[in-house]
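work.cif (mmCIF, C-alpha atoms)
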data_run
#
loop_
_atom_site.group_PDB
_atom_site.id
_atom_site.type_symbol
_atom_site.label_atom_id
_atom_site.label_comp_id
_atom_site.auth_asym_id
_atom_site.auth_seq_id
_atom_site.Cartn_x
_atom_site.Cartn_y
_atom_site.Cartn_z
ATOM 1 C CA MET A 1297 -10.181 -14.151 -16.657
ATOM 2 C CA MET A 1298 -6.790 -15.736 -17.312
ATOM 3 C CA LYS A 1299 -3.685 -13.563 -17.377
ATOM 4 C CA LYS A 1300 -0.216 -14.733 -18.361
ATOM 5 C CA SER A 1301 2.969 -12.875 -17.489
ATOM 6 C CA ILE A 1302 6.118 -14.032 -19.247
ATOM 7 C CA VAL A 1303 9.709 -13.328 -18.260
ATOM 8 C CA LYS A 1304 12.528 -15.163 -20.015
ATOM 9 C CA GLY A 1305 13.029 -18.559 -18.417
ATOM 10 C CA PHE A 1306 9.712 -18.742 -16.627
ATOM 11 C CA VAL A 1307 5.997 -18.453 -17.066
ATOM 12 C CA VAL A 1308 3.607 -17.351 -14.339
ATOM 13 C CA THR A 1309 -0.076 -18.012 -14.884
ATOM 14 C CA THR A 1310 -2.576 -16.277 -12.628
ATOM 15 C CA MET A 1311 -6.286 -16.728 -12.245
ATOM 16 C CA ALA A 1312 -8.056 -13.470 -11.398
ATOM 17 C CA LEU A 1313 -11.183 -14.412 -9.442
ATOM 18 C CA ALA A 1314 -14.140 -12.410 -8.212
ATOM 19 C CA MET A 1315 -13.837 -10.015 -5.308
ATOM 20 C CA THR A 1316 -16.664 -9.915 -2.788
ATOM 21 C CA GLY A 1317 -16.783 -6.791 -0.641
ATOM 22 C CA SER A 1318 -13.293 -6.310 0.780
ATOM 23 C CA ILE A 1319 -12.407 -10.001 0.692
ATOM 24 C CA LEU A 1320 -9.766 -10.774 -1.908
ATOM 25 C CA VAL A 1321 -9.853 -14.257 -3.393
ATOM 26 C CA PRO A 1322 -6.287 -15.566 -3.868
ATOM 27 C CA ARG A 1323 -5.028 -16.146 -7.390
ATOM 28 C CA VAL A 1324 -3.612 -19.587 -8.175
ATOM 29 C CA VAL A 1325 -0.031 -19.578 -9.411
ATOM 30 C CA THR A 1326 1.970 -22.469 -10.862
ATOM 31 C CA PHE A 1327 5.728 -21.985 -11.003
ATOM 32 C CA ALA A 1328 7.593 -23.563 -13.893
ATOM 33 C CA ASN A 1329 9.933 -26.464 -13.076
ATOM 34 C CA ASP A 1330 13.215 -26.756 -14.959
ATOM 35 C CA GLY A 1331 12.959 -30.558 -15.021
ATOM 36 C CA LYS A 1332 15.598 -31.106 -12.342
ATOM 37 C CA GLY A 1333 13.021 -31.534 -9.613
ATOM 38 C CA ILE A 1334 14.760 -29.069 -7.308
ATOM 39 C CA TYR A 1335 11.747 -26.877 -6.642
ATOM 40 C CA ALA A 1336 9.837 -27.828 -3.528
ATOM 41 C CA GLU A 1337 7.331 -25.034 -4.047
ATOM 42 C CA LYS A 1338 5.533 -25.603 -7.353
ATOM 43 C CA ASN A 1339 2.073 -24.318 -6.488
ATOM 44 C CA ALA A 1340 0.917 -21.424 -4.363
ATOM 45 C CA THR A 1341 -1.760 -18.788 -4.089
ATOM 46 C CA ILE A 1342 -1.114 -15.078 -4.326
ATOM 47 C CA LYS A 1343 -2.975 -12.855 -1.877
ATOM 48 C CA ASP A 1344 -3.351 -9.327 -3.241
ATOM 49 C CA LEU A 1345 -1.490 -6.515 -1.483
ATOM 50 C CA ASP A 1346 -0.976 -2.850 -2.249
ATOM 51 C CA ARG A 1347 2.036 -1.654 -0.264
ATOM 52 C CA GLU A 1348 5.241 0.259 -0.782
ATOM 53 C CA ALA A 1349 8.586 -1.098 0.431
ATOM 54 C CA ILE A 1350 12.271 -0.209 0.614
ATOM 55 C CA VAL A 1351 15.332 -2.470 0.413
ATOM 56 C CA THR A 1352 17.241 -2.554 3.726
ATOM 57 C CA ALA A 1353 19.779 -5.274 2.858
ATOM 58 C CA SER A 1354 22.938 -4.474 0.890
ATOM 59 C CA SER A 1355 21.047 -5.816 -2.126
ATOM 60 C CA ALA A 1356 17.933 -7.909 -2.757
ATOM 61 C CA ASN A 1357 17.528 -10.639 -5.358
ATOM 62 C CA VAL A 1358 14.198 -10.779 -7.159
ATOM 63 C CA ARG A 1359 13.575 -14.369 -8.232
ATOM 64 C CA GLU A 1360 11.221 -16.094 -10.642
ATOM 65 C CA GLY A 1361 9.682 -18.247 -7.893
ATOM 66 C CA ILE A 1362 9.288 -18.515 -4.123
ATOM 67 C CA SER A 1363 12.565 -20.256 -3.357
ATOM 68 C CA THR A 1364 16.264 -19.432 -3.604
ATOM 69 C CA ALA A 1365 16.456 -22.306 -6.105
ATOM 70 C CA TYR A 1366 14.804 -20.070 -8.690
ATOM 71 C CA ARG A 1367 16.721 -17.881 -11.107
ATOM 72 C CA VAL A 1368 17.459 -14.249 -10.201
ATOM 73 C CA VAL A 1369 15.617 -12.038 -12.671
ATOM 74 C CA ASN A 1370 16.637 -8.694 -11.190
ATOM 75 C CA VAL A 1371 18.528 -7.160 -8.280
ATOM 76 C CA PHE A 1372 17.412 -4.200 -6.163
ATOM 77 C CA GLU A 1373 20.149 -2.170 -4.485
ATOM 78 C CA LYS A 1374 19.919 -0.955 -0.888
ATOM 79 C CA GLY A 1375 17.526 1.966 -0.577
ATOM 80 C CA THR A 1376 15.511 1.015 -3.659
ATOM 81 C CA LYS A 1377 11.818 1.803 -3.238
ATOM 82 C CA PHE A 1378 9.355 -0.534 -4.924
ATOM 83 C CA HIS A 1379 5.701 -1.581 -5.006
ATOM 84 C CA ILE A 1380 4.415 -4.944 -3.743
ATOM 85 C CA ASP A 1381 1.195 -6.267 -5.267
ATOM 86 C CA GLY A 1382 0.931 -9.658 -3.567
ATOM 87 C CA VAL A 1383 2.231 -12.199 -1.063
ATOM 88 C CA ALA A 1384 2.691 -15.901 -1.841
ATOM 89 C CA CYS A 1385 0.722 -18.315 0.352
ATOM 90 C CA LYS A 1386 1.273 -22.052 0.764
ATOM 91 C CA ASP A 1387 -1.300 -24.342 2.367
ATOM 92 C CA GLY A 1388 -3.270 -21.314 3.512
ATOM 93 C CA GLU A 1389 -0.296 -19.726 5.284
ATOM 94 C CA GLN A 1390 1.541 -16.613 4.128
ATOM 95 C CA THR A 1391 5.152 -17.210 3.125
ATOM 96 C CA ASP A 1392 7.985 -14.682 3.352
ATOM 97 C CA TRP A 1393 7.973 -14.190 -0.429
ATOM 98 C CA TYR A 1394 6.329 -11.101 -1.897
ATOM 99 C CA ARG A 1395 5.374 -10.431 -5.503
ATOM 100 C CA VAL A 1396 6.648 -7.461 -7.505
ATOM 101 C CA ILE A 1397 6.481 -6.581 -11.201
ATOM 102 C CA VAL A 1398 9.991 -6.226 -12.592
ATOM 103 C CA LYS A 1399 11.995 -6.225 -15.796
ATOM 104 C CA ASP A 1400 14.072 -9.314 -16.506
ATOM 105 C CA LYS A 1401 17.721 -8.204 -16.458
ATOM 106 C CA GLU A 1402 18.502 -10.627 -19.302
ATOM 107 C CA SER A 1403 15.605 -10.202 -21.715
ATOM 108 C CA GLY A 1404 14.234 -6.819 -20.680
ATOM 109 C CA GLY A 1405 10.744 -8.321 -20.608
ATOM 110 C CA GLU A 1406 8.381 -7.458 -17.762
ATOM 111 C CA GLY A 1407 6.743 -9.980 -15.446
ATOM 112 C CA ALA A 1408 6.216 -11.146 -11.879
ATOM 113 C CA GLY A 1409 9.174 -11.652 -9.575
ATOM 114 C CA TYR A 1410 9.441 -12.612 -5.913
ATOM 115 C CA ILE A 1411 11.485 -10.937 -3.177
ATOM 116 C CA HIS A 1412 12.132 -12.265 0.348
ATOM 117 C CA LYS A 1413 10.954 -10.333 3.415
ATOM 118 C CA SER A 1414 14.388 -10.503 5.054
ATOM 119 C CA THR A 1415 15.735 -8.054 2.461
ATOM 120 C CA PHE A 1416 13.254 -5.185 2.839
ATOM 121 C CA LYS A 1417 10.876 -3.333 5.096
ATOM 122 C CA PHE A 1418 7.467 -1.972 4.295
ATOM 123 C CA ALA A 1419 7.491 1.799 3.957
ATOM 124 C CA ASP A 1420 4.891 2.167 6.695
ATOM 125 C CA GLU A 1421 7.175 0.265 9.096
ATOM 126 C CA GLN A 1422 9.590 3.188 8.884
ATOM 127 C CA ALA A 1423 6.987 5.456 10.499
ATOM 128 C CA GLU A 1424 7.983 6.729 13.922
ATOM 129 C CA ILE A 1425 5.596 7.634 16.709
ATOM 130 C CA SER A 1426 6.138 11.351 17.305
ATOM 131 C CA GLU A 1427 5.533 13.007 20.652
ATOM 132 C CA GLU A 1428 2.790 15.104 19.050
ATOM 133 C CA PHE A 1429 1.030 11.937 17.868
ATOM 134 C CA ARG A 1430 1.359 10.381 21.336
ATOM 135 C CA GLU A 1431 -0.182 13.490 22.903
ATOM 136 C CA LEU A 1432 -3.094 13.300 20.458
ATOM 137 C CA MET A 1433 -3.680 9.607 21.185
ATOM 138 C CA ASP A 1434 -3.535 10.255 24.937
ATOM 139 C CA ALA A 1435 -6.087 13.061 24.559
ATOM 140 C CA ILE A 1436 -8.434 10.744 22.653
ATOM 141 C CA TYR A 1437 -8.075 7.997 25.280
ATOM 142 C CA ASN A 1438 -8.697 10.432 28.142
ATOM 143 C CA ALA A 1439 -12.009 11.447 26.543
ATOM 144 C CA GLN A 1440 -13.733 8.474 28.178
ATOM 145 C CA PRO A 1441 -17.501 8.493 27.503
ATOM 146 C CA GLY A 1442 -19.563 8.378 30.699
ATOM 147 C CA THR A 1443 -16.887 9.865 32.963
ATOM 148 C CA ALA A 1444 -16.882 13.250 34.681
ATOM 149 C CA GLY A 1445 -16.400 16.091 32.199
ATOM 150 C CA ALA A 1446 -16.521 13.643 29.289
ATOM 151 C CA SER A 1447 -18.454 15.944 26.922
ATOM 152 C CA LEU A 1448 -15.856 18.718 27.148
ATOM 153 C CA LYS A 1449 -12.915 16.283 26.832
ATOM 154 C CA ILE A 1450 -14.479 14.606 23.794
ATOM 155 C CA GLN A 1451 -15.057 17.963 22.086
ATOM 156 C CA GLU A 1452 -11.491 19.110 22.855
ATOM 157 C CA ALA A 1453 -10.082 15.814 21.571
ATOM 158 C CA ALA A 1454 -12.200 16.122 18.408
ATOM 159 C CA GLU A 1455 -10.850 19.601 17.709
ATOM 160 C CA ALA A 1456 -7.274 18.452 18.346
ATOM 161 C CA PHE A 1457 -7.763 15.467 16.054
ATOM 162 C CA GLU A 1458 -9.170 17.602 13.231
ATOM 163 C CA ALA A 1459 -6.308 20.081 13.505
ATOM 164 C CA TYR A 1460 -3.698 17.309 13.544
ATOM 165 C CA ALA A 1461 -5.225 15.670 10.460
ATOM 166 C CA TYR A 1462 -5.292 18.959 8.552
ATOM 167 C CA ASP A 1463 -1.687 19.802 9.468
ATOM 168 C CA ASN A 1464 -0.157 16.362 8.815
ATOM 169 C CA GLY A 1465 -2.397 14.638 6.279
ATOM 170 C CA ASP A 1466 -0.313 15.570 3.244
ATOM 171 C CA ASP A 1467 2.900 14.146 4.728
ATOM 172 C CA ILE A 1468 1.796 10.653 5.748
ATOM 173 C CA THR A 1469 -0.010 7.637 4.285
ATOM 174 C CA ALA A 1470 -2.933 5.763 5.799
ATOM 175 C CA SER A 1471 -0.751 2.658 6.223
ATOM 176 C CA GLU A 1472 1.847 4.684 8.159
ATOM 177 C CA ILE A 1473 -0.906 6.005 10.425
ATOM 178 C CA ALA A 1474 -2.167 2.451 10.957
ATOM 179 C CA TYR A 1475 1.329 1.197 11.793
ATOM 180 C CA ALA A 1476 1.991 4.031 14.266
ATOM 181 C CA THR A 1477 -1.426 3.476 15.882
ATOM 182 C CA GLU A 1478 -0.884 -0.271 16.174
ATOM 183 C CA ASN A 1479 2.519 0.170 17.818
ATOM 184 C CA PHE A 1480 1.238 2.860 20.172
ATOM 185 C CA LEU A 1481 -1.613 0.623 21.306
ATOM 186 C CA LYS A 1482 0.683 -2.387 21.740
ATOM 187 C CA GLU A 1483 2.875 -0.339 24.076
ATOM 188 C CA LYS A 1484 -0.155 0.584 26.157
ATOM 189 C CA MET A 1485 -1.605 -2.950 26.065
ATOM 190 C CA ALA A 1486 1.573 -4.296 27.662
ATOM 191 C CA GLU A 1487 0.394 -2.569 30.852
ATOM 192 C CA ASN A 1488 -3.358 -2.603 30.215
ATOM 193 C CA PRO A 1489 -4.629 -5.483 27.999
ATOM 194 C CA ASP A 1490 -7.973 -3.690 27.496
ATOM 195 C CA TYR A 1491 -6.406 -0.422 26.327
ATOM 196 C CA ALA A 1492 -7.155 -0.920 22.611
ATOM 197 C CA ALA A 1493 -10.801 -1.826 23.229
ATOM 198 C CA ASN A 1494 -11.247 1.232 25.463
ATOM 199 C CA PHE A 1495 -9.434 3.454 22.964
ATOM 200 C CA LYS A 1496 -11.754 2.240 20.189
ATOM 201 C CA GLU A 1497 -14.782 3.406 22.169
ATOM 202 C CA CYS A 1498 -13.181 6.801 22.848
ATOM 203 C CA PHE A 1499 -12.172 7.274 19.205
ATOM 204 C CA GLU A 1500 -15.705 6.507 18.018
ATOM 205 C CA ALA A 1501 -17.019 9.210 20.375
ATOM 206 C CA VAL A 1502 -14.427 11.711 19.101
ATOM 207 C CA CYS A 1503 -15.284 11.009 15.435
ATOM 208 C CA GLU A 1504 -18.995 11.329 16.187
ATOM 209 C CA ALA A 1505 -18.386 14.704 17.844
ATOM 210 C CA SER A 1506 -16.433 15.893 14.798
ATOM 211 C CA SER A 1507 -19.173 14.910 12.341
ATOM 212 C CA GLU A 1508 -21.846 16.541 14.509
ATOM 213 C CA SER A 1509 -19.973 19.865 14.662
ATOM 214 C CA ASP A 1510 -19.090 19.817 10.943
ATOM 215 C CA GLU A 1511 -21.332 17.811 8.634
ATOM 216 C CA THR A 1512 -18.880 18.187 5.725
ATOM 217 C CA ILE A 1513 -15.820 16.887 7.549
ATOM 218 C CA GLU A 1514 -16.225 13.303 6.317
ATOM 219 C CA GLY A 1515 -15.600 14.637 2.823
ATOM 220 C CA ASP A 1516 -12.141 15.885 3.804
ATOM 221 C CA VAL A 1517 -9.453 13.587 2.369
ATOM 222 C CA ASN A 1518 -6.845 14.120 5.078
ATOM 223 C CA TYR A 1519 -9.338 13.780 7.912
ATOM 224 C CA MET A 1520 -10.680 10.500 6.515
ATOM 225 C CA LYS A 1521 -7.136 9.260 5.921
ATOM 226 C CA PHE A 1522 -6.500 9.561 9.660
ATOM 227 C CA VAL A 1523 -9.866 8.063 10.583
ATOM 228 C CA ASN A 1524 -9.271 5.012 8.375
ATOM 229 C CA GLY A 1525 -5.616 4.676 9.387
ATOM 230 C CA ILE A 1526 -6.334 4.790 13.119
ATOM 231 C CA ASN A 1527 -9.251 2.362 12.762
ATOM 232 C CA ASP A 1528 -6.994 -0.062 10.865
ATOM 233 C CA GLY A 1529 -4.358 0.229 13.588
ATOM 234 C CA ILE A 1530 -6.947 -0.451 16.296
ATOM 235 C CA ALA A 1531 -8.185 -3.537 14.425
ATOM 236 C CA LYS A 1532 -4.670 -4.926 14.008
ATOM 237 C CA ALA A 1533 -3.771 -4.397 17.674
ATOM 238 C CA MET A 1534 -6.982 -6.066 18.846
ATOM 239 C CA GLU A 1535 -6.525 -8.935 16.390
ATOM 240 C CA GLU A 1536 -3.022 -9.601 17.736
ATOM 241 C CA LYS A 1537 -4.401 -9.666 21.283
ATOM 242 C CA GLU A 1538 -6.968 -12.281 20.209
ATOM 243 C CA ASP A 1539 -4.214 -14.326 18.563
ATOM 244 C CA ASP A 1540 -2.150 -14.174 21.773
ATOM 245 C CA GLN A 1541 -5.144 -15.315 23.827
ATOM 246 C CA GLU A 1542 -5.751 -18.202 21.418
ATOM 247 C CA GLU A 1543 -2.088 -19.164 21.626
ATOM 248 C CA GLN A 1544 -2.236 -19.165 25.425
ATOM 249 C CA LYS A 1545 -5.371 -21.322 25.295
ATOM 250 C CA ASP A 1546 -3.669 -23.794 22.964
ATOM 251 C CA GLN A 1547 -0.618 -24.014 25.194
ATOM 252 C CA LYS A 1548 -2.825 -24.563 28.254
ATOM 253 C CA GLU A 1549 -4.527 -27.466 26.490
ATOM 254 C CA VAL A 1550 -1.125 -28.898 25.571
ATOM 255 C CA LYS A 1551 0.138 -28.705 29.161
ATOM 256 C CA CYS A 1552 -2.925 -30.558 30.450
ATOM 257 C CA GLU A 1553 -2.318 -33.598 28.244
ATOM 258 C CA PHE A 1554 1.416 -33.559 27.606
ATOM 259 C CA LYS A 1555 4.657 -32.831 29.403
ATOM 260 C CA VAL A 1556 7.679 -31.219 27.793
ATOM 261 C CA GLU A 1557 11.236 -31.853 28.911
ATOM 262 C CA LYS A 1558 13.386 -28.862 28.019
ATOM 263 C CA MET A 1559 16.285 -29.303 25.624
ATOM 264 C CA ASN A 1560 18.358 -27.209 23.247
ATOM 265 C CA LYS A 1561 19.104 -28.916 19.959
ATOM 266 C CA THR A 1562 19.227 -28.087 16.268
ATOM 267 C CA MET A 1563 17.785 -30.553 13.771
ATOM 268 C CA LYS A 1564 16.947 -30.410 10.073
ATOM 269 C CA ALA A 1565 13.723 -31.024 8.193
ATOM 270 C CA ALA A 1566 14.084 -34.264 6.234
ATOM 271 C CA GLN A 1567 11.208 -33.082 4.048
ATOM 272 C CA ASP A 1568 8.618 -30.312 4.048
ATOM 273 C CA VAL A 1569 6.918 -30.521 7.448
ATOM 274 C CA TYR A 1570 4.165 -28.610 9.238
ATOM 275 C CA VAL A 1571 4.615 -26.828 12.553
ATOM 276 C CA ARG A 1572 1.502 -27.216 14.695
ATOM 277 C CA LYS A 1573 0.136 -25.500 17.780
ATOM 278 C CA GLY A 1574 0.166 -28.774 19.713
ATOM 279 C CA PRO A 1575 1.817 -32.205 19.515
ATOM 280 C CA LYS A 1576 -1.001 -33.891 17.569
ATOM 281 C CA LYS A 1577 -2.101 -33.667 13.956
ATOM 282 C CA GLU A 1578 -5.476 -32.438 15.189
ATOM 283 C CA PHE A 1579 -3.924 -29.117 16.253
ATOM 284 C CA ASP A 1580 -4.004 -26.167 13.834
ATOM 285 C CA LYS A 1581 -0.993 -25.426 11.651
ATOM 286 C CA LEU A 1582 1.297 -22.653 12.782
ATOM 287 C CA GLY A 1583 3.481 -22.754 9.688
ATOM 288 C CA ALA A 1584 5.915 -25.076 7.940
ATOM 289 C CA TYR A 1585 9.596 -25.857 7.476
ATOM 290 C CA ALA A 1586 10.910 -26.513 3.992
ATOM 291 C CA LYS A 1587 13.109 -29.544 3.367
ATOM 292 C CA GLY A 1588 16.628 -28.911 4.671
ATOM 293 C CA ALA A 1589 15.605 -26.032 6.958
ATOM 294 C CA GLU A 1590 17.202 -25.848 10.395
ATOM 295 C CA VAL A 1591 14.774 -26.541 13.238
ATOM 296 C CA LYS A 1592 15.507 -25.138 16.699
ATOM 297 C CA VAL A 1593 14.238 -27.782 19.136
ATOM 298 C CA THR A 1594 13.418 -26.511 22.633
ATOM 299 C CA GLY A 1595 11.846 -29.602 24.203
ATOM 300 C CA GLN A 1596 10.947 -33.285 23.963
ATOM 301 C CA VAL A 1597 7.262 -34.119 24.334
ATOM 302 C CA TYR A 1598 6.118 -36.892 26.692
ATOM 303 C CA LYS A 1599 2.640 -38.373 27.023
ATOM 304 C CA HIS A 1600 1.873 -40.389 30.146
ATOM 305 C CA ASP A 1601 5.627 -40.387 30.888
ATOM 306 C CA ASN A 1602 6.321 -42.025 27.527
ATOM 307 C CA LYS A 1603 8.454 -40.302 24.928
ATOM 308 C CA ALA A 1604 6.242 -39.109 22.064
ATOM 309 C CA CYS A 1605 7.255 -38.671 18.428
ATOM 310 C CA TRP A 1606 6.937 -34.877 18.787
ATOM 311 C CA VAL A 1607 9.313 -32.122 19.793
ATOM 312 C CA GLN A 1608 8.678 -28.567 20.864
ATOM 313 C CA VAL A 1609 10.284 -25.939 18.610
ATOM 314 C CA SER A 1610 10.823 -22.205 18.454
ATOM 315 C CA TYR A 1611 9.157 -21.035 15.219
ATOM 316 C CA LYS A 1612 9.281 -17.354 14.248
ATOM 317 C CA GLY A 1613 9.126 -16.297 17.885
ATOM 318 C CA ALA A 1614 6.249 -18.657 18.733
ATOM 319 C CA THR A 1615 6.123 -22.086 20.355
ATOM 320 C CA GLY A 1616 5.225 -24.903 17.986
ATOM 321 C CA TYR A 1617 5.435 -28.671 17.660
ATOM 322 C CA VAL A 1618 6.890 -30.849 14.929
ATOM 323 C CA CYS A 1619 6.639 -34.599 14.391
ATOM 324 C CA THR A 1620 10.110 -36.181 14.625
ATOM 325 C CA ASP A 1621 9.276 -38.565 11.758
ATOM 326 C CA TYR A 1622 10.081 -35.661 9.447
ATOM 327 C CA LEU A 1623 13.283 -34.486 11.163
ATOM 328 C CA LYS A 1624 16.854 -35.690 11.158
#
Could you rewrite the structure in this file as structure tokens?
Amino acid sequence: MMKKSIVKGFVVTTMALAMTGSILVPRVVTFANDGKGIYAEKNATIKDLDREAIVTASSANVREGISTAYRVVNVFEKGTKFHIDGVACKDGEQTDWYRVIVKDKESGGEGAGYIHKSTFKFADEQAEISEEFRELMDAIYNAQPGTAGASLKIQEAAEAFEAYAYDNGDDITASEIAYATENFLKEKMAENPDYAANFKECFEAVCEASSESDETIEGDVNYMKFVNGINDGIAKAMEEKEDDQEEQKDQKEVKCEFKVEKMNKTMKAAQDVYVRKGPKKEFDKLGAYAKGAEVKVTGQVYKHDNKACWVQVSYKGATGYVCTDYLK
């Protein structure tokens, strides 16, 4: 089914495709070009999201495309709360541009606009980890199946979890619970890398004990909100650990074949260029720099003591590699 959203000065065409299970198929979006050829990003896919956000910058421009070259269609003031229904992706990678439905400040018409992540935070990212929540999470973790007194600890943790869900379910969203859970587990994983995996096993035992003692509990909205939120947080924490392990593996492979001489230099992308996990085109993409973007170079790559046409860079907190043919 084709849908067309029109805001004065631009047209956004989206293709709504089938959804299989929980997998969302990205919609293809073509951004209009004003004929001046200034838009590097003409095509992208939009991955569906359903999240609330709040502006943290002094103001946030909402643009008609995923670049500051596009016209500003609306402006959100600091503290403005708004809904995000998608994130723009380029070459399979998420960008920092998020889709919102807004009114054009000039025409008053409604359509899709795009806001940059640097200007806002997701509402669930504002969630703080309370001491009460920490105590609950500790109680769940201490209910280790197979240990001495496990049955009693699991039952006590189940009762504490049910009570906490009943008392707090109306004041928090599932995404806030997931965010708090993820951050709690990351703190613990800094000392114990297996903490999240162990916690998952304990939480499953606690949920099973709750359903056995009360067969109707899975029909309680607040209880299930916490179950789903904590499970989402566990999944995100474990996924990040897997990503870190993959990154370490990639870097180990790089070190075996290449040497990097440290340096500190700023260059610019002469054109759109990929950042890869290793200094060869065979390595997976980590992201990309747009033409004109500043590139923080942290090392020169050598292969067999010969200078290679690759440099090591710092990209969004990660180590990546860029071919110097595309830098200046």
Select, from A:Lys1612, A:His1412, A:Arg1347, A:Lys1386, the residue with the minimum atom-to-atom distance to A:Arg1359, counting all atoms listed in the file.
-> A:His1412
Polymer residues at most 12 Å from A:Glu1427, all atoms listed in the file, same-chain spacing of 4 or more positions, as a tab-separated table (two decimals) with C-alpha atoms, in the coordinates of the input:
chain	number	residue	atom	x	y	z
A	1431	GLU	CA	-0.18	13.49	22.90
A	1432	LEU	CA	-3.09	13.30	20.46
A	1433	MET	CA	-3.68	9.61	21.18
A	1434	ASP	CA	-3.54	10.26	24.94
A	1476	ALA	CA	1.99	4.03	14.27
A	1480	PHE	CA	1.24	2.86	20.17
What do you get, as a PyMOL selection string, if you spell out every residue that the PyMOL selection byres ((chain A and resi 1481) around 9) selects here?
-> chain A and resi 1476-1480+1482-1486+1491-1492+1495+1529-1530+1533-1534
Give one line per residue of stretch 1463-1504 of chain A that approaches stretch 1518-1523 of chain A to at most 7 Å, naming the two atoms of the closest pair and their distance in Å to one decimal, counting all atoms listed in the file; sort by chain then ascending residue number and deliver it as a tab-separated table.
residue	atom	partner	partner_atom	distance
A:Gly1465	CA	A:Asn1518	CA	4.6
A:Asp1466	CA	A:Asn1518	CA	6.9
A:Ala1470	CA	A:Lys1521	CA	5.5
A:Ile1473	CA	A:Phe1522	CA	6.7
Box dimensions and centre (Å, one decimal) enclosing stretch 1571-1582 of chain A, axis-aligned, 4 Å extra per side, as JSON:
{"center_x": -0.4, "center_y": -28.3, "center_z": 15.7, "size_x": 18.1, "size_y": 19.2, "size_z": 16.1}
Atom CA of A:Ala1446 to atom CA of A:Glu1536, distance in Å rounded to a single decimal |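 It comes out at 29.3 Å.
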Atom CA of A:Gly1583 to atom CA of A:Ala1353, straight-line distance in Å = 24.9 Å
Matched chain/residue IDs from the PyMOL selection byres ((chain A and resi 1605) around 6), as a ChimeraX atom specification = /A:1604,1606,1619-1620
How many Å lie between atom CA of A:Thr1364 and atom CA of A:Glu1348, rounded to one decimal?
->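 Those two atoms sit 22.7 Å apart.
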Taking into account all atoms listed in the file, which residue in the set A:Lys1399, A:Asp1463, A:Ser1414, A:Glu1452 is nearest to A:Glu1428?
->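 Among A:Lys1399, A:Asp1463, A:Ser1414, A:Glu1452, it is A:Asp1463 that comes nearest to A:Glu1428.
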Target residues per the PyMOL selection byres ((chain A and resi 1556) around 8), formatted as a PyMOL selection string = chain A and resi 1554-1555+1557-1558+1595-1598+1608
Considering all atoms listed in the file, return as a list in words whatever protein or nucleic-acid residues lie within 9 Å of A:Glu1497, sequence-local ones (same chain, fewer than 5 positions apart) excluded.
->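 Final neighbour list, sorted by chain and number: Tyr1437, Gln1440, Pro1441, Ala1492 and Val1502 of chain A.
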From A:Ile1380, A:Ala1493, A:Leu1345, A:Ala1453, residue lying nearest A:Asn1527 [only C-alpha atoms] =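 For A:Asn1527, the nearest of the candidates is A:Ala1493.
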Which one is closest to A:Ile1526: A:Glu1402, A:Glu1373, A:Glu1500, A:Asp1344? Count all atoms listed in the file.
->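 Among the listed residues, A:Glu1500 lies closest to A:Ile1526.
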Would you kindly return, as a CSV table (one decimal) with C-alpha atoms, keeping the file's coordinate frame, each protein, DNA or RNA residue with an atom no farther than 6 Å from any atom of A:Ile1397, considering all atoms listed in the file and excluding same-chain residues fewer than 6 positions away?
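Once written, selection.csv looks like this:
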chain,number,residue,atom,x,y,z
A,1407,GLY,CA,6.7,-10.0,-15.4
A,1408,ALA,CA,6.2,-11.1,-11.9
A,1409,GLY,CA,9.2,-11.7,-9.6
Would you be able to write out as a list in words which residues have an atom within 7 Å of (5.3, -26.5, 6.1) in the file's coordinates, counting all atoms listed in the file?
->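 Here is the list of nearby residues: Asp1568, Val1569, Tyr1570, Val1571, Gly1583, Ala1584, Tyr1585 and Ala1586 of chain A.
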Might you pull out every residue within 6 Å of stretch 1391-1395 of chain A, with all atoms listed in the file counted and same-chain residues fewer than 2 positions away left off, and present them as a PyMOL selection string?
-> chain A and resi 1362+1380-1385+1409-1413
Could you give me, as a ChimeraX atom specification, the residues that sit within 9 Å of (11.2, -25.6, 18.3) in the file's coordinates, counting all atoms listed in the file?
-> /A:1560-1562,1571,1591-1595,1607-1611,1614-1618
Selection from above, C-alpha atoms, as a compact mmCIF listing (two decimals), in the coordinates of the input, can you write it?
# COMPACT_ATOMS: atom_id res chain seq x y z
CA ASN A 1560 18.36 -27.21 23.25
CA LYS A 1561 19.10 -28.92 19.96
CA THR A 1562 19.23 -28.09 16.27
CA VAL A 1571 4.62 -26.83 12.55
CA VAL A 1591 14.77 -26.54 13.24
CA LYS A 1592 15.51 -25.14 16.70
CA VAL A 1593 14.24 -27.78 19.14
CA THR A 1594 13.42 -26.51 22.63
CA GLY A 1595 11.85 -29.60 24.20
CA VAL A 1607 9.31 -32.12 19.79
CA GLN A 1608 8.68 -28.57 20.86
CA VAL A 1609 10.28 -25.94 18.61
CA SER A 1610 10.82 -22.20 18.45
CA TYR A 1611 9.16 -21.04 15.22
CA ALA A 1614 6.25 -18.66 18.73
CA THR A 1615 6.12 -22.09 20.36
CA GLY A 1616 5.22 -24.90 17.99
CA TYR A 1617 5.44 -28.67 17.66
CA VAL A 1618 6.89 -30.85 14.93
Using only C-alpha atoms, the best pick from A:Glu1472, A:Asp1467, A:Glu1504, A:Asp1400 as closest to A:Ser1447 would be A:Glu1504
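Candidate residues A:Gly1574, A:Phe1429, A:Ala1439, A:Ser1354 were compared for distance to A:Ala1461, and the nearest is A:Phe1429, using only C-alpha atoms.
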